[in-house]
Amino acid sequence: MIIFDDMPIRYPVGEHSFRELRRGDYLYVDKTKFVARLLRQGKFIFLSRPRRFGKSLMLSTVESYFRGEKELFNGTWLGEHETDWESYPVLHFDMSRTSGYTAAGLLRHLNGRLESFEKEFGLTKDCNPDDIGDRFSTLIEAIYKSTGQQVVILIDEYDSGILETLDYPQEEQDAISNVLRAFYRQPKAMTECVKFCMVTGVARFGSYTLFSGGNNYLDISMNSTYASICGITQKELLENFQIGIKDLAQKRNLSEEEMMEALRIKYDSYRFSQSEELVYNPFSLLNAFSELSLDNYWIKSGTSKVFVKYLSRAEFDLMELEELWVSRERMEAKYSKEDSIPLLFQTGYLTIKDVLDFKMYRLGIPNGEVRSALVDQLMPMYMGISEDQFSVLLTHLQSNL
């Protein structure tokens with residue numbers, strides 16, 4: 001491999017495959033100790049984090065572990081401590097790849113994935129493709145019986161498309177939910193055939209009834225032990241990004257200490273539990289080092305237009321978002337126009353700032369990037385003008401300060 005003197009580090013911007021990241025010699029922040037904890041935590045695990053926060057990479061890491069890909073873990077915590085590298089059959093579903101978020105589109109996508117797994121394991125399809133739950137459970141049981149091993153099931157972005165369907169007629173939303181519910185209930189129904197099952201998404205697990213009997217899933221989203229399972233801590237930043245910090249500081253004519261403070265203000269301060277541990281947005285941080293620029297990368301990577309439209313109709317005061325005390329139940333509730341706080345928290349526009357007696361949580365805007373996004377995306381809606389008109393107005397106001 002050719003190494004250029006002026007580009008010695010490969011930052012894994014947008015790379016969420018653990019296998020490709022390790023084989024491609026990308027910079028890797030070691031999170032494998034969390035994998036070891038997960039495996040001993042329980043059989044059915046759920047994790048919620050905002051989009052582009054590392055959920056897919058974590059699932060990919062779990063997959064490589066269960067496939068027994070020991071060589072990929074050389075130099076990691078798990079590689080140094082694990083002694084059992086047995087390989088298991090893995091079923092990995094990425095729900096963000098669904099095209100056309102309708103009930104029919106979901107069925108086509110899921111049937112396609114199940115068919116590919118049936119071919120992989122040399123199994124024949126002998127059930128109704130319209131009964132997606134039956135086909136999934138039949139596959140799990142057949143793999144278990146044919147291999148003699150329990151099956152590992154990984155479901156990424158389980159709620160993909162939920163934001164896109166917020167304005168759908170209720171009948172269409174119900175049809176989509178029925179397909180998902182029939183599919184998602186199978187792993188726990190087949191518990192004897194399942195070795196491990198992990199589900200990730202943005203919407204909190206308890207917010208939707210897609211998983212009947214949800215007590216079988218352990219929700220680690222606000223568990224202090226996993227506060228930094230996704231994202232980059234200050235310690236990890238100092239240990240892994242010294243060259244990037246130095247390069248960025250030199251380009252901006254700042255000291256390294258000043259550069260660290262600028263990064264903190266721009267991308268840090270996400271908090272996901274009662275623990276006071278904070279993390280940086282990993283997507284924005286990696287882009288900043290790769291591009292040597294402080295930009296709003298996370299926001300520009302694809303904020304849903306439906307999300308913005310939905311929030312514009314919701315009932316909340318933009319000024320209250322800097323300091324808002326709420327209960328945990330409210331933070332984990334289902335999205336609604338009557339209360340937009342669960343949507344803002346779960347999607348990463350609000351984060352935990354303080355905790356009172358383990359019952360009440362003070363929420364606030366995490367950092368400068370998110371604050372800019374809320375202004376740029378929501379203010380035009382409130383003022384009844386286009387984003388372009390708002391940009392012109394904002395530039396005019398700033399030039400006259």
# chains A, B, ... in the order shown; residues from 1 in each chain; ligands from 1

$ residues_around --residues "Val202 in chain A" --least-positions-apart "3" --cutoff "8 Å" --atoms "only C-alpha atoms" --output "JSON, numbers by chain"
{"A": [48, 49, 50, 51, 157, 159, 346, 347]}

$ residues_around --residues "range 74-86 of chain A" --least-positions-apart "2" --cutoff "9 Å" --atoms "only C-alpha atoms" --output "PyMOL selection string"
chain A and resi 30-36+65-72+88

$ write_last_selection --atoms "all heavy atoms" --output "compact mmCIF listing (two decimals), in the first residue's frame"
# COMPACT_ATOMS: atom_id res chain seq x y z
N ASP A 30 -10.55 1.94 19.94
CA ASP A 30 -10.88 0.60 20.43
C ASP A 30 -12.10 0.61 21.36
O ASP A 30 -12.04 1.12 22.48
CB ASP A 30 -9.67 0.01 21.16
CG ASP A 30 -9.86 -1.45 21.52
OD1 ASP A 30 -10.90 -2.02 21.18
OD2 ASP A 30 -8.93 -2.01 22.14
N LYS A 31 -13.20 0.02 20.88
CA LYS A 31 -14.42 -0.11 21.67
C LYS A 31 -14.72 -1.58 21.98
O LYS A 31 -15.83 -1.90 22.41
CB LYS A 31 -15.60 0.49 20.92
CG LYS A 31 -15.50 1.99 20.63
CD LYS A 31 -15.76 2.83 21.85
CE LYS A 31 -15.85 4.32 21.50
NZ LYS A 31 -16.16 5.16 22.68
N THR A 32 -13.75 -2.46 21.75
CA THR A 32 -14.04 -3.89 21.86
C THR A 32 -14.29 -4.37 23.29
O THR A 32 -14.89 -5.43 23.49
CB THR A 32 -12.90 -4.72 21.25
OG1 THR A 32 -11.67 -4.46 21.96
CG2 THR A 32 -12.70 -4.37 19.78
N LYS A 33 -13.86 -3.60 24.28
CA LYS A 33 -14.15 -3.98 25.66
C LYS A 33 -15.65 -3.97 25.90
O LYS A 33 -16.17 -4.77 26.68
CB LYS A 33 -13.44 -3.04 26.63
CG LYS A 33 -13.50 -3.49 28.09
CD LYS A 33 -12.64 -2.61 28.99
CE LYS A 33 -12.64 -3.11 30.42
NZ LYS A 33 -11.77 -2.29 31.30
N PHE A 34 -16.35 -3.06 25.22
CA PHE A 34 -17.81 -3.02 25.35
C PHE A 34 -18.45 -4.27 24.75
O PHE A 34 -19.49 -4.73 25.23
CB PHE A 34 -18.37 -1.77 24.66
CG PHE A 34 -18.11 -0.49 25.39
CD1 PHE A 34 -17.21 0.43 24.90
CD2 PHE A 34 -18.75 -0.21 26.58
CE1 PHE A 34 -16.96 1.62 25.57
CE2 PHE A 34 -18.52 0.97 27.28
CZ PHE A 34 -17.60 1.88 26.77
N VAL A 35 -17.86 -4.81 23.69
CA VAL A 35 -18.39 -6.04 23.10
C VAL A 35 -18.34 -7.16 24.12
O VAL A 35 -19.31 -7.91 24.30
CB VAL A 35 -17.58 -6.43 21.84
CG1 VAL A 35 -18.06 -7.77 21.29
CG2 VAL A 35 -17.70 -5.35 20.77
N ALA A 36 -17.22 -7.28 24.81
CA ALA A 36 -17.09 -8.31 25.84
C ALA A 36 -18.14 -8.14 26.94
O ALA A 36 -18.73 -9.12 27.42
CB ALA A 36 -15.68 -8.26 26.44
N TYR A 65 -16.85 -10.62 15.75
CA TYR A 65 -16.50 -11.46 16.91
C TYR A 65 -17.19 -12.82 16.80
O TYR A 65 -16.55 -13.87 16.95
CB TYR A 65 -16.90 -10.77 18.21
CG TYR A 65 -16.79 -11.70 19.40
CD1 TYR A 65 -15.54 -11.98 19.97
CD2 TYR A 65 -17.91 -12.34 19.91
CE1 TYR A 65 -15.43 -12.86 21.04
CE2 TYR A 65 -17.81 -13.22 20.97
CZ TYR A 65 -16.57 -13.48 21.53
OH TYR A 65 -16.46 -14.37 22.58
N PHE A 66 -18.50 -12.81 16.52
CA PHE A 66 -19.23 -14.08 16.47
C PHE A 66 -18.88 -14.91 15.23
O PHE A 66 -19.13 -16.11 15.20
CB PHE A 66 -20.74 -13.82 16.52
CG PHE A 66 -21.26 -13.66 17.92
CD1 PHE A 66 -21.73 -12.44 18.38
CD2 PHE A 66 -21.26 -14.74 18.81
CE1 PHE A 66 -22.21 -12.29 19.67
CE2 PHE A 66 -21.72 -14.60 20.10
CZ PHE A 66 -22.21 -13.37 20.54
N ARG A 67 -18.32 -14.29 14.22
CA ARG A 67 -17.85 -15.06 13.06
C ARG A 67 -16.44 -15.63 13.31
O ARG A 67 -15.88 -16.30 12.44
CB ARG A 67 -17.85 -14.20 11.81
CG ARG A 67 -19.24 -13.87 11.30
CD ARG A 67 -19.20 -13.21 9.92
NE ARG A 67 -20.51 -12.88 9.42
CZ ARG A 67 -21.33 -13.73 8.80
NH1 ARG A 67 -20.94 -14.99 8.62
NH2 ARG A 67 -22.51 -13.35 8.36
N GLY A 68 -15.90 -15.35 14.48
CA GLY A 68 -14.59 -15.89 14.83
C GLY A 68 -13.43 -15.28 14.07
O GLY A 68 -12.39 -15.93 13.89
N GLU A 69 -13.57 -14.01 13.65
CA GLU A 69 -12.53 -13.36 12.85
C GLU A 69 -11.45 -12.77 13.77
O GLU A 69 -11.28 -11.56 13.88
CB GLU A 69 -13.17 -12.30 11.96
CG GLU A 69 -14.14 -12.92 10.96
CD GLU A 69 -14.92 -11.88 10.16
OE1 GLU A 69 -15.07 -10.75 10.63
OE2 GLU A 69 -15.40 -12.23 9.06
N LYS A 70 -10.74 -13.66 14.41
CA LYS A 70 -9.76 -13.30 15.43
C LYS A 70 -8.72 -12.32 14.94
O LYS A 70 -8.31 -11.40 15.67
CB LYS A 70 -9.09 -14.57 15.95
CG LYS A 70 -8.04 -14.34 17.03
CD LYS A 70 -7.42 -15.66 17.48
CE LYS A 70 -6.36 -15.42 18.54
NZ LYS A 70 -5.75 -16.71 19.00
N GLU A 71 -8.27 -12.48 13.68
CA GLU A 71 -7.18 -11.64 13.18
C GLU A 71 -7.55 -10.16 13.14
O GLU A 71 -6.67 -9.29 13.22
CB GLU A 71 -6.76 -12.11 11.78
CG GLU A 71 -7.72 -11.81 10.66
CD GLU A 71 -8.94 -12.74 10.61
OE1 GLU A 71 -9.00 -13.68 11.43
OE2 GLU A 71 -9.81 -12.54 9.74
N LEU A 72 -8.85 -9.86 13.01
CA LEU A 72 -9.29 -8.47 12.95
C LEU A 72 -9.14 -7.76 14.30
O LEU A 72 -9.14 -6.53 14.36
CB LEU A 72 -10.74 -8.38 12.50
CG LEU A 72 -11.07 -8.92 11.11
CD1 LEU A 72 -12.55 -8.76 10.81
CD2 LEU A 72 -10.24 -8.21 10.04
N TYR A 88 -20.15 -18.60 14.85
CA TYR A 88 -21.58 -18.87 14.88
C TYR A 88 -22.25 -18.36 13.61
O TYR A 88 -21.75 -17.43 12.97
CB TYR A 88 -22.23 -18.17 16.08
CG TYR A 88 -21.82 -18.72 17.43
CD1 TYR A 88 -20.68 -18.24 18.08
CD2 TYR A 88 -22.57 -19.71 18.05
CE1 TYR A 88 -20.30 -18.74 19.32
CE2 TYR A 88 -22.20 -20.21 19.29
CZ TYR A 88 -21.07 -19.73 19.92
OH TYR A 88 -20.70 -20.23 21.13

$ closest_residue --among "A:Asp94, A:Asp131, A:Glu239, A:Glu338" --to "Leu59 in chain A" --atoms "only C-alpha atoms"
A:Asp94

$ select_by_dssp --residues "range 179-343 of chain A" --states "strand (DSSP E or B)" --output "NGL selection string"
:A and (194-201 or 218-219 or 232 or 270 or 279-280 or 324-327 or 336 or 339)

$ closest_residue --among "A:Gly244, A:Gly364, A:Gly201, A:Pro187" --to "Ile9 in chain A" --atoms "only C-alpha atoms"
A:Gly244

$ closest_residue --among "A:Leu238, A:Ile229, A:Met331, A:Val370" --to "Asn296 in chain A" --atoms "only C-alpha atoms"
A:Val370

$ residues_around --residues "range 133-146 of chain A" --least-positions-apart "4" --cutoff "8 Å" --atoms "only C-alpha atoms" --output "PyMOL selection string"
chain A and resi 89+114+118+121+123+125+127-129+150-151+182-187+190+193-194

$ select_by_dssp --residues "range 50-148 of chain A" --states "alpha helix (DSSP H)" --output "MDAnalysis selection string"
chainID A and resid 55:66 77:81 103:120 132:147

$ closest_residue --among "A:Leu321, A:Ala175, A:Val279, A:Val199" --to "Met58 in chain A" --atoms "only C-alpha atoms"
A:Val199

$ closest_residue --among "A:Ser327, A:Glu236, A:Glu291, A:Ser269" --to "Lys251 in chain A" --atoms "only C-alpha atoms"
A:Glu291

$ closest_residue --among "A:Thr147, A:Ser275, A:Lys43, A:Asn111" --to "Thr191 in chain A" --atoms "only C-alpha atoms"
A:Lys43

$ atom_distance --atom1 "CA of Leu343 in chain A" --atom2 "CA of Asn287 in chain A"
25.5 Å
